[in-house]
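Below is one structure; the comments refer to it alone.
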There are 2 protein chains.
Amino acid sequence: MPGRAKPRPLRRDAQRNVERIRAAAREVFGERGLEATLDDVAARAGVGVGTVYRRYPNKLALLEDALEDELQRVVAMVEAAAAAPEAWPALAALVERFAAQLVRSHGLDDLLFRSPVAQEHLARANERIRPALASLVRRAKDEGELRDDFAAADLRLVLGMVTSVARDTEAAAHEVWPRCLALVLDGMRQRRDRPTPLPTRPLSDDELDRLGRARLQRPRRSR
Amino acid sequence: MPGRAKPRPLRRDAQRNVERIRAAAREVFGERGLEATLDDVAARAGVGVGTVYRRYPNKLALLEDALEDELQRVVAMVEAAAAAPEAWPALAALVERFAAQLVRSHGLDDLLFRSPVAQEHLARANERIRPALASLVRRAKDEGELRDDFAAADLRLVLGMVTSVARDTEAAAHEVWPRCLALVLDGMRQRRDRPTPLPTRPLSDDELDRLGRARLQRPRRSR
DNA sequence: CGCAACCGGAGGTGAAACCTCCGGTTGGGC
DNA sequence: GCCCAACCGGAGGTTTCACCTCCGGTTGCG
């Protein structure tokens, strides 16, 4: 495509403001997630709302841009875990660190799990995350540490459970979520005494994909 | 107090409407929880909004009135479990049924866990629920089935985790929450092989009380 | 038959989020 | 140093939505 718009460099003040906005976005979205307003971001950045809207067509565009690094770090984290020699400890640590990251950054949580549209590089991140998790799960089972009936798709639900507890409790009591996570991780471990099988089937990949989207559309008035 | 307002009986049409409203409220609040509108309830009842507001000063009053039976049934359920001969199976079944009830009735979930004010009879329900759960937990540990470091307050978090999964998944995939619950219940069981202790302390009663309230007040704009 | 009690639902009120617009400011090429 | 395109700020338009009020019309019942 020859007719691409030439990316003339920004004026120095404009450049400075873009950076302030990105930094502010990281903070504000981290604290409040998608619920934060571009007005909030502008205020935090010490900049007018108009300035924000001049650079980003809407909230989601800014969210994506501001959290791209975080997203990449998460992907790297997952792939690193998949490369570990012992799968189970790596998986357990991964879930803990993943959850910690989502708790720290509500924006990332929303981007990954509640984002209304399927962004391109989000899909690409998923393409790297899914197989890594699948192999980790596979290997952890082979080690005899992870229960046989656990499915990789369940990890999404585990993260959902833990972050929900974190959100529910963060105002009243910090740091109880690791306790809940520990409970769940213990439930994930294969037990040699008195095993009880999981009921029902796990989520299909298809259902997994629809989770975020379904969550966002308004449950509007029923006749 | 002598000057009490005499409760003159309602006109027949009024009485009929009150009943329709309560029935509609049970339905609508069950489906959508506190997020439902009194306008919704009125529409479902086939009645004008004004009629609803004439009987109930606000949404919460109607919610309380409509869900009183459900609340009592839950209390009874808890007390029945506490009276069971074997504590652990009773506890596990109780958590499952409690969760199922909360999933079925989002309104009850909101009333119990997200209600902005501490209603009188809600507090009274808690007075009956807490000791029953405490004794059940105590006994399940004595049986050697429940892990020693589990706290009664953790049950609140377990329910929170499970209902959050249920809410997240209900649009895309029904009935995965029992799977998650099973995972958690398995984590709650004492293990004789390779036990791992829970990190951090459990919630204090005080923090437990503050959970619902904290959740509701708006995280309004920062500076 | 008369009137107090009741009804419906249009619309007032307020809060909030998102984004636009334009008068004023400023960086940087010449 | 001058000038103007690029940029800035932020007041306010627009929309949406929930909550609740109000009043002209209807109805049960003594």
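How things are named: the first chain in the structure tokens is A, the next is B, and so on; residues count from 1 in each chain; ligands count from 1 in the order shown.
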
Least-squares superposed chain A, target chain B, every Cα, as an mmCIF file with C-alpha atoms, in the first residue's frame:
data_model
loop_
_atom_site.group_PDB
_atom_site.id
_atom_site.type_symbol
_atom_site.label_atom_id
_atom_site.label_comp_id
_atom_site.auth_asym_id
_atom_site.auth_seq_id
_atom_site.Cartn_x
_atom_site.Cartn_y
_atom_site.Cartn_z
ATOM 1 C CA MET A 1 -46.363 2.982 71.562
ATOM 2 C CA PRO A 2 -50.012 3.778 71.338
ATOM 3 C CA GLY A 3 -50.134 6.109 68.318
ATOM 4 C CA ARG A 4 -49.276 3.417 65.742
ATOM 5 C CA ALA A 5 -50.835 4.007 62.333
ATOM 6 C CA LYS A 6 -53.778 1.689 62.046
ATOM 7 C CA PRO A 7 -53.250 -0.764 59.169
ATOM 8 C CA ARG A 8 -56.511 -0.343 57.339
ATOM 9 C CA PRO A 9 -56.965 -3.291 54.948
ATOM 10 C CA LEU A 10 -56.141 -2.615 51.315
ATOM 11 C CA ARG A 11 -58.811 -2.447 48.727
ATOM 12 C CA ARG A 12 -59.127 -5.686 46.772
ATOM 13 C CA ASP A 13 -57.475 -4.399 43.605
ATOM 14 C CA ALA A 14 -54.658 -2.922 45.636
ATOM 15 C CA GLN A 15 -54.101 -6.206 47.405
ATOM 16 C CA ARG A 16 -54.033 -8.073 44.133
ATOM 17 C CA ASN A 17 -51.465 -5.653 42.761
ATOM 18 C CA VAL A 18 -49.214 -5.948 45.785
ATOM 19 C CA GLU A 19 -49.109 -9.663 45.269
ATOM 20 C CA ARG A 20 -48.391 -9.310 41.580
ATOM 21 C CA ILE A 21 -45.609 -6.916 42.406
ATOM 22 C CA ARG A 22 -44.034 -9.243 44.934
ATOM 23 C CA ALA A 23 -44.160 -12.122 42.475
ATOM 24 C CA ALA A 24 -42.700 -10.000 39.714
ATOM 25 C CA ALA A 25 -40.021 -8.739 42.076
ATOM 26 C CA ARG A 26 -39.013 -12.269 42.931
ATOM 27 C CA GLU A 27 -38.634 -13.053 39.252
ATOM 28 C CA VAL A 28 -36.908 -9.909 38.118
ATOM 29 C CA PHE A 29 -34.584 -9.558 41.085
ATOM 30 C CA GLY A 30 -33.818 -13.234 40.767
ATOM 31 C CA GLU A 31 -32.700 -12.768 37.214
ATOM 32 C CA ARG A 32 -30.868 -9.482 37.393
ATOM 33 C CA GLY A 33 -30.343 -8.705 41.051
ATOM 34 C CA LEU A 34 -30.172 -5.191 42.389
ATOM 35 C CA GLU A 35 -29.374 -3.980 38.933
ATOM 36 C CA ALA A 36 -33.012 -4.445 37.979
ATOM 37 C CA THR A 37 -35.198 -1.363 38.065
ATOM 38 C CA LEU A 38 -38.516 -0.823 39.770
ATOM 39 C CA ASP A 39 -39.708 0.065 36.292
ATOM 40 C CA ASP A 40 -38.741 -3.439 35.259
ATOM 41 C CA VAL A 41 -40.639 -4.938 38.133
ATOM 42 C CA ALA A 42 -43.692 -2.843 37.342
ATOM 43 C CA ALA A 43 -43.620 -3.891 33.706
ATOM 44 C CA ARG A 44 -43.332 -7.557 34.662
ATOM 45 C CA ALA A 45 -46.177 -7.209 37.104
ATOM 46 C CA GLY A 46 -48.352 -5.554 34.478
ATOM 47 C CA VAL A 47 -48.717 -2.503 36.670
ATOM 48 C CA GLY A 48 -47.639 1.142 36.504
ATOM 49 C CA VAL A 49 -44.471 2.340 38.167
ATOM 50 C CA GLY A 50 -46.485 4.631 40.387
ATOM 51 C CA THR A 51 -48.245 1.651 41.864
ATOM 52 C CA VAL A 52 -44.963 0.138 42.890
ATOM 53 C CA TYR A 53 -43.665 3.336 44.409
ATOM 54 C CA ARG A 54 -46.905 3.788 46.320
ATOM 55 C CA ARG A 55 -46.234 0.531 48.202
ATOM 56 C CA TYR A 56 -42.475 0.611 48.524
ATOM 57 C CA PRO A 57 -40.401 3.680 49.269
ATOM 58 C CA ASN A 58 -37.491 2.349 47.230
ATOM 59 C CA LYS A 59 -35.945 -0.603 45.544
ATOM 60 C CA LEU A 60 -34.270 -2.048 48.581
ATOM 61 C CA ALA A 61 -37.494 -2.148 50.567
ATOM 62 C CA LEU A 62 -39.116 -4.200 47.843
ATOM 63 C CA LEU A 63 -36.104 -6.444 47.539
ATOM 64 C CA GLU A 64 -36.208 -7.183 51.244
ATOM 65 C CA ASP A 65 -39.899 -7.849 51.224
ATOM 66 C CA ALA A 66 -39.834 -10.047 48.154
ATOM 67 C CA LEU A 67 -36.854 -12.104 49.236
ATOM 68 C CA GLU A 68 -37.722 -12.593 52.876
ATOM 69 C CA ASP A 69 -38.880 -16.139 52.242
ATOM 70 C CA GLU A 70 -35.764 -17.027 50.353
ATOM 71 C CA LEU A 71 -33.682 -15.636 53.148
ATOM 72 C CA GLN A 72 -35.498 -17.684 55.723
ATOM 73 C CA ARG A 73 -35.090 -20.788 53.640
ATOM 74 C CA VAL A 74 -31.361 -20.241 53.477
ATOM 75 C CA VAL A 75 -31.139 -19.791 57.222
ATOM 76 C CA ALA A 76 -33.099 -22.984 57.704
ATOM 77 C CA MET A 77 -30.815 -24.751 55.283
ATOM 78 C CA VAL A 78 -27.736 -23.699 57.227
ATOM 79 C CA GLU A 79 -29.204 -24.723 60.546
ATOM 80 C CA ALA A 80 -30.294 -28.059 59.156
ATOM 81 C CA ALA A 81 -26.780 -28.692 57.932
ATOM 82 C CA ALA A 82 -25.398 -27.822 61.345
ATOM 83 C CA ALA A 83 -27.625 -30.476 62.864
ATOM 84 C CA ALA A 84 -26.439 -33.247 60.568
ATOM 85 C CA PRO A 85 -24.564 -36.127 62.170
ATOM 86 C CA GLU A 86 -21.578 -36.005 59.845
ATOM 87 C CA ALA A 87 -20.303 -32.495 59.483
ATOM 88 C CA TRP A 88 -18.141 -32.644 56.385
ATOM 89 C CA PRO A 89 -20.657 -34.080 53.930
ATOM 90 C CA ALA A 90 -23.225 -31.706 55.336
ATOM 91 C CA LEU A 91 -20.897 -28.749 54.904
ATOM 92 C CA ALA A 92 -19.993 -29.673 51.355
ATOM 93 C CA ALA A 93 -23.623 -30.171 50.416
ATOM 94 C CA LEU A 94 -24.567 -26.940 52.137
ATOM 95 C CA VAL A 95 -22.030 -24.900 50.231
ATOM 96 C CA GLU A 96 -23.211 -26.429 46.995
ATOM 97 C CA ARG A 97 -26.858 -25.745 47.713
ATOM 98 C CA PHE A 98 -26.151 -22.278 49.041
ATOM 99 C CA ALA A 99 -24.218 -21.448 45.909
ATOM 100 C CA ALA A 100 -26.952 -22.887 43.726
ATOM 101 C CA GLN A 101 -29.468 -20.679 45.458
ATOM 102 C CA LEU A 102 -27.325 -17.583 44.981
ATOM 103 C CA VAL A 103 -26.831 -18.429 41.329
ATOM 104 C CA ARG A 104 -30.536 -18.953 40.867
ATOM 105 C CA SER A 105 -31.372 -15.728 42.656
ATOM 106 C CA HIS A 106 -29.037 -12.864 41.953
ATOM 107 C CA GLY A 107 -31.230 -10.741 44.125
ATOM 108 C CA LEU A 108 -30.487 -12.846 47.181
ATOM 109 C CA ASP A 109 -26.813 -12.658 46.326
ATOM 110 C CA ASP A 110 -27.011 -8.881 46.222
ATOM 111 C CA LEU A 111 -29.107 -8.699 49.356
ATOM 112 C CA LEU A 112 -26.689 -10.819 51.328
ATOM 113 C CA PHE A 113 -23.404 -9.689 49.899
ATOM 114 C CA ARG A 114 -23.827 -6.339 48.197
ATOM 115 C CA SER A 115 -26.590 -4.655 50.100
ATOM 116 C CA PRO A 116 -25.725 -1.053 50.907
ATOM 117 C CA VAL A 117 -27.396 -0.888 54.287
ATOM 118 C CA ALA A 118 -27.401 -3.326 57.188
ATOM 119 C CA GLN A 119 -31.021 -4.290 57.492
ATOM 120 C CA GLU A 120 -32.299 -5.439 60.751
ATOM 121 C CA HIS A 121 -33.537 -8.875 59.823
ATOM 122 C CA LEU A 122 -30.507 -9.420 57.654
ATOM 123 C CA ALA A 123 -28.388 -8.950 60.746
ATOM 124 C CA ARG A 124 -30.657 -11.338 62.585
ATOM 125 C CA ALA A 125 -30.200 -13.915 59.846
ATOM 126 C CA ASN A 126 -26.480 -13.514 60.214
ATOM 127 C CA GLU A 127 -26.749 -14.117 63.921
ATOM 128 C CA ARG A 128 -28.189 -17.516 63.195
ATOM 129 C CA ILE A 129 -25.945 -18.335 60.264
ATOM 130 C CA ARG A 130 -22.589 -17.507 61.802
ATOM 131 C CA PRO A 131 -22.658 -19.824 64.811
ATOM 132 C CA ALA A 132 -24.145 -22.640 62.779
ATOM 133 C CA LEU A 133 -21.342 -22.393 60.274
ATOM 134 C CA ALA A 134 -18.746 -22.066 63.001
ATOM 135 C CA SER A 135 -19.856 -25.267 64.669
ATOM 136 C CA LEU A 136 -20.060 -27.064 61.353
ATOM 137 C CA VAL A 137 -16.530 -26.024 60.512
ATOM 138 C CA ARG A 138 -15.334 -27.024 63.953
ATOM 139 C CA ARG A 139 -16.884 -30.453 63.703
ATOM 140 C CA ALA A 140 -15.721 -31.071 60.157
ATOM 141 C CA LYS A 141 -12.182 -30.443 61.319
ATOM 142 C CA ASP A 142 -12.623 -32.804 64.240
ATOM 143 C CA GLU A 143 -13.747 -35.451 61.811
ATOM 144 C CA GLY A 144 -10.431 -34.992 60.064
ATOM 145 C CA GLU A 145 -12.110 -34.087 56.802
ATOM 146 C CA LEU A 146 -11.784 -30.312 56.684
ATOM 147 C CA ARG A 147 -8.275 -28.864 56.670
ATOM 148 C CA ASP A 148 -7.147 -27.450 59.974
ATOM 149 C CA ASP A 149 -6.260 -24.010 58.721
ATOM 150 C CA PHE A 150 -9.649 -23.368 57.172
ATOM 151 C CA ALA A 151 -11.692 -20.637 58.832
ATOM 152 C CA ALA A 152 -15.448 -20.195 58.882
ATOM 153 C CA ALA A 153 -14.970 -16.739 57.414
ATOM 154 C CA ASP A 154 -13.430 -18.348 54.353
ATOM 155 C CA LEU A 155 -16.813 -19.751 53.458
ATOM 156 C CA ARG A 156 -17.940 -16.274 52.514
ATOM 157 C CA LEU A 157 -15.045 -16.020 50.109
ATOM 158 C CA VAL A 158 -15.679 -19.445 48.674
ATOM 159 C CA LEU A 159 -19.254 -18.503 47.942
ATOM 160 C CA GLY A 160 -18.055 -15.262 46.421
ATOM 161 C CA MET A 161 -15.660 -17.072 44.118
ATOM 162 C CA VAL A 162 -18.214 -19.543 42.936
ATOM 163 C CA THR A 163 -20.980 -17.043 42.302
ATOM 164 C CA SER A 164 -18.599 -14.812 40.433
ATOM 165 C CA VAL A 165 -17.715 -17.639 38.098
ATOM 166 C CA ALA A 166 -21.371 -18.398 37.685
ATOM 167 C CA ARG A 167 -22.132 -14.808 36.740
ATOM 168 C CA ASP A 168 -19.180 -14.599 34.389
ATOM 169 C CA THR A 169 -20.057 -17.762 32.566
ATOM 170 C CA GLU A 170 -23.798 -17.930 32.608
ATOM 171 C CA ALA A 171 -24.220 -16.115 29.320
ATOM 172 C CA ALA A 172 -21.641 -18.151 27.428
ATOM 173 C CA ALA A 173 -21.757 -21.514 29.132
ATOM 174 C CA HIS A 174 -24.175 -22.805 31.699
ATOM 175 C CA GLU A 175 -23.304 -24.908 34.632
ATOM 176 C CA VAL A 176 -19.578 -24.758 34.787
ATOM 177 C CA TRP A 177 -19.632 -23.343 38.264
ATOM 178 C CA PRO A 178 -20.204 -26.692 39.975
ATOM 179 C CA ARG A 179 -16.933 -27.758 38.473
ATOM 180 C CA CYS A 180 -15.157 -24.847 40.085
ATOM 181 C CA LEU A 181 -16.877 -25.440 43.348
ATOM 182 C CA ALA A 182 -15.778 -29.058 43.304
ATOM 183 C CA LEU A 183 -12.231 -27.872 42.803
ATOM 184 C CA VAL A 184 -12.474 -25.576 45.785
ATOM 185 C CA LEU A 185 -14.176 -28.142 47.984
ATOM 186 C CA ASP A 186 -11.386 -30.531 47.192
ATOM 187 C CA GLY A 187 -8.948 -27.867 48.249
ATOM 188 C CA MET A 188 -10.785 -27.530 51.522
ATOM 189 C CA ARG A 189 -10.389 -31.175 52.410
ATOM 190 C CA GLN A 190 -7.606 -32.199 54.711
ATOM 191 C CA ARG A 191 -4.971 -34.067 52.822
ATOM 192 C CA ARG A 192 -2.859 -36.727 54.331
ATOM 193 C CA ASP A 193 -0.340 -36.665 51.497
ATOM 194 C CA ARG A 194 1.667 -33.508 50.871
ATOM 195 C CA PRO A 195 -0.294 -30.949 52.831
ATOM 196 C CA THR A 196 0.420 -27.276 52.098
ATOM 197 C CA PRO A 197 -0.637 -24.639 54.587
ATOM 198 C CA LEU A 198 -2.758 -21.646 53.606
ATOM 199 C CA PRO A 199 -0.858 -18.382 53.494
ATOM 200 C CA THR A 200 -1.911 -15.201 55.338
ATOM 201 C CA ARG A 201 -4.612 -14.922 57.926
ATOM 202 C CA PRO A 202 -8.347 -15.377 57.361
ATOM 203 C CA LEU A 203 -10.834 -12.514 57.401
ATOM 204 C CA SER A 204 -11.817 -11.122 60.776
ATOM 205 C CA ASP A 205 -15.515 -10.802 61.594
ATOM 206 C CA ASP A 206 -15.135 -7.096 61.316
ATOM 207 C CA GLU A 207 -13.746 -7.209 57.816
ATOM 208 C CA LEU A 208 -16.415 -9.701 56.910
ATOM 209 C CA ASP A 209 -19.085 -7.206 57.899
ATOM 210 C CA ARG A 210 -17.526 -4.458 55.871
ATOM 211 C CA LEU A 211 -17.328 -6.487 52.675
ATOM 212 C CA GLY A 212 -20.763 -5.822 51.318
ATOM 213 C CA ARG A 213 -20.826 -2.178 52.162
ATOM 214 C CA ALA A 214 -17.455 -1.379 50.709
ATOM 215 C CA ARG A 215 -18.428 -3.005 47.455
ATOM 216 C CA LEU A 216 -21.305 -0.696 46.800
ATOM 217 C CA GLN A 217 -20.015 2.790 47.324
ATOM 218 C CA ARG A 218 -18.955 4.302 44.071
ATOM 219 C CA PRO A 219 -15.255 4.519 43.353
ATOM 220 C CA ARG A 220 -15.780 8.089 42.273
ATOM 221 C CA ARG A 221 -13.511 10.244 40.233
ATOM 222 C CA SER A 222 -10.058 10.862 41.591
ATOM 223 C CA ARG A 223 -9.120 14.501 41.274
#

**Prompt:** How would you write, as a PyMOL selection string, the set of residues in stretch 43-132 of chain A that DSSP gives as helix (DSSP H, G or I)?
**Reply:** chain A and resi 43-45+49-55+59-82+87-104+106-113+120-132

**Request:** Could you tell me which of C:DC22, C:DA16, C:DA10, C:DC3 comes closest to D:DG24 if we count only C-alpha atoms (C1' of nucleotides)?
**Result:**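 Once distances to D:DG24 are computed over only C-alpha atoms (C1' of nucleotides), the minimum belongs to C:DA10.
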
**Message:** Taking only C-alpha atoms (C1' of nucleotides) into account and nothing else, which residues of chain C lie no more than 8 Å away from chain A? Please answer as a ChimeraX atom specification.
**Reply:** /C:17,19,27

Please produce a file of those selected residues containing C-alpha atoms (C1' of nucleotides), as a CSV table (one decimal), in the first residue's frame.
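Okay, this is what ended up in result.csv:
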chain,number,residue,atom,x,y,z
C,17,DA,C1',-19.9,9.2,30.5
C,19,DC,C1',-16.9,13.4,23.0
C,27,DG,C1',7.0,25.3,18.8

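Pairwise distance (atom C1' of D:DA18, atom C1' of C:DC7) equals 22.3 Å.
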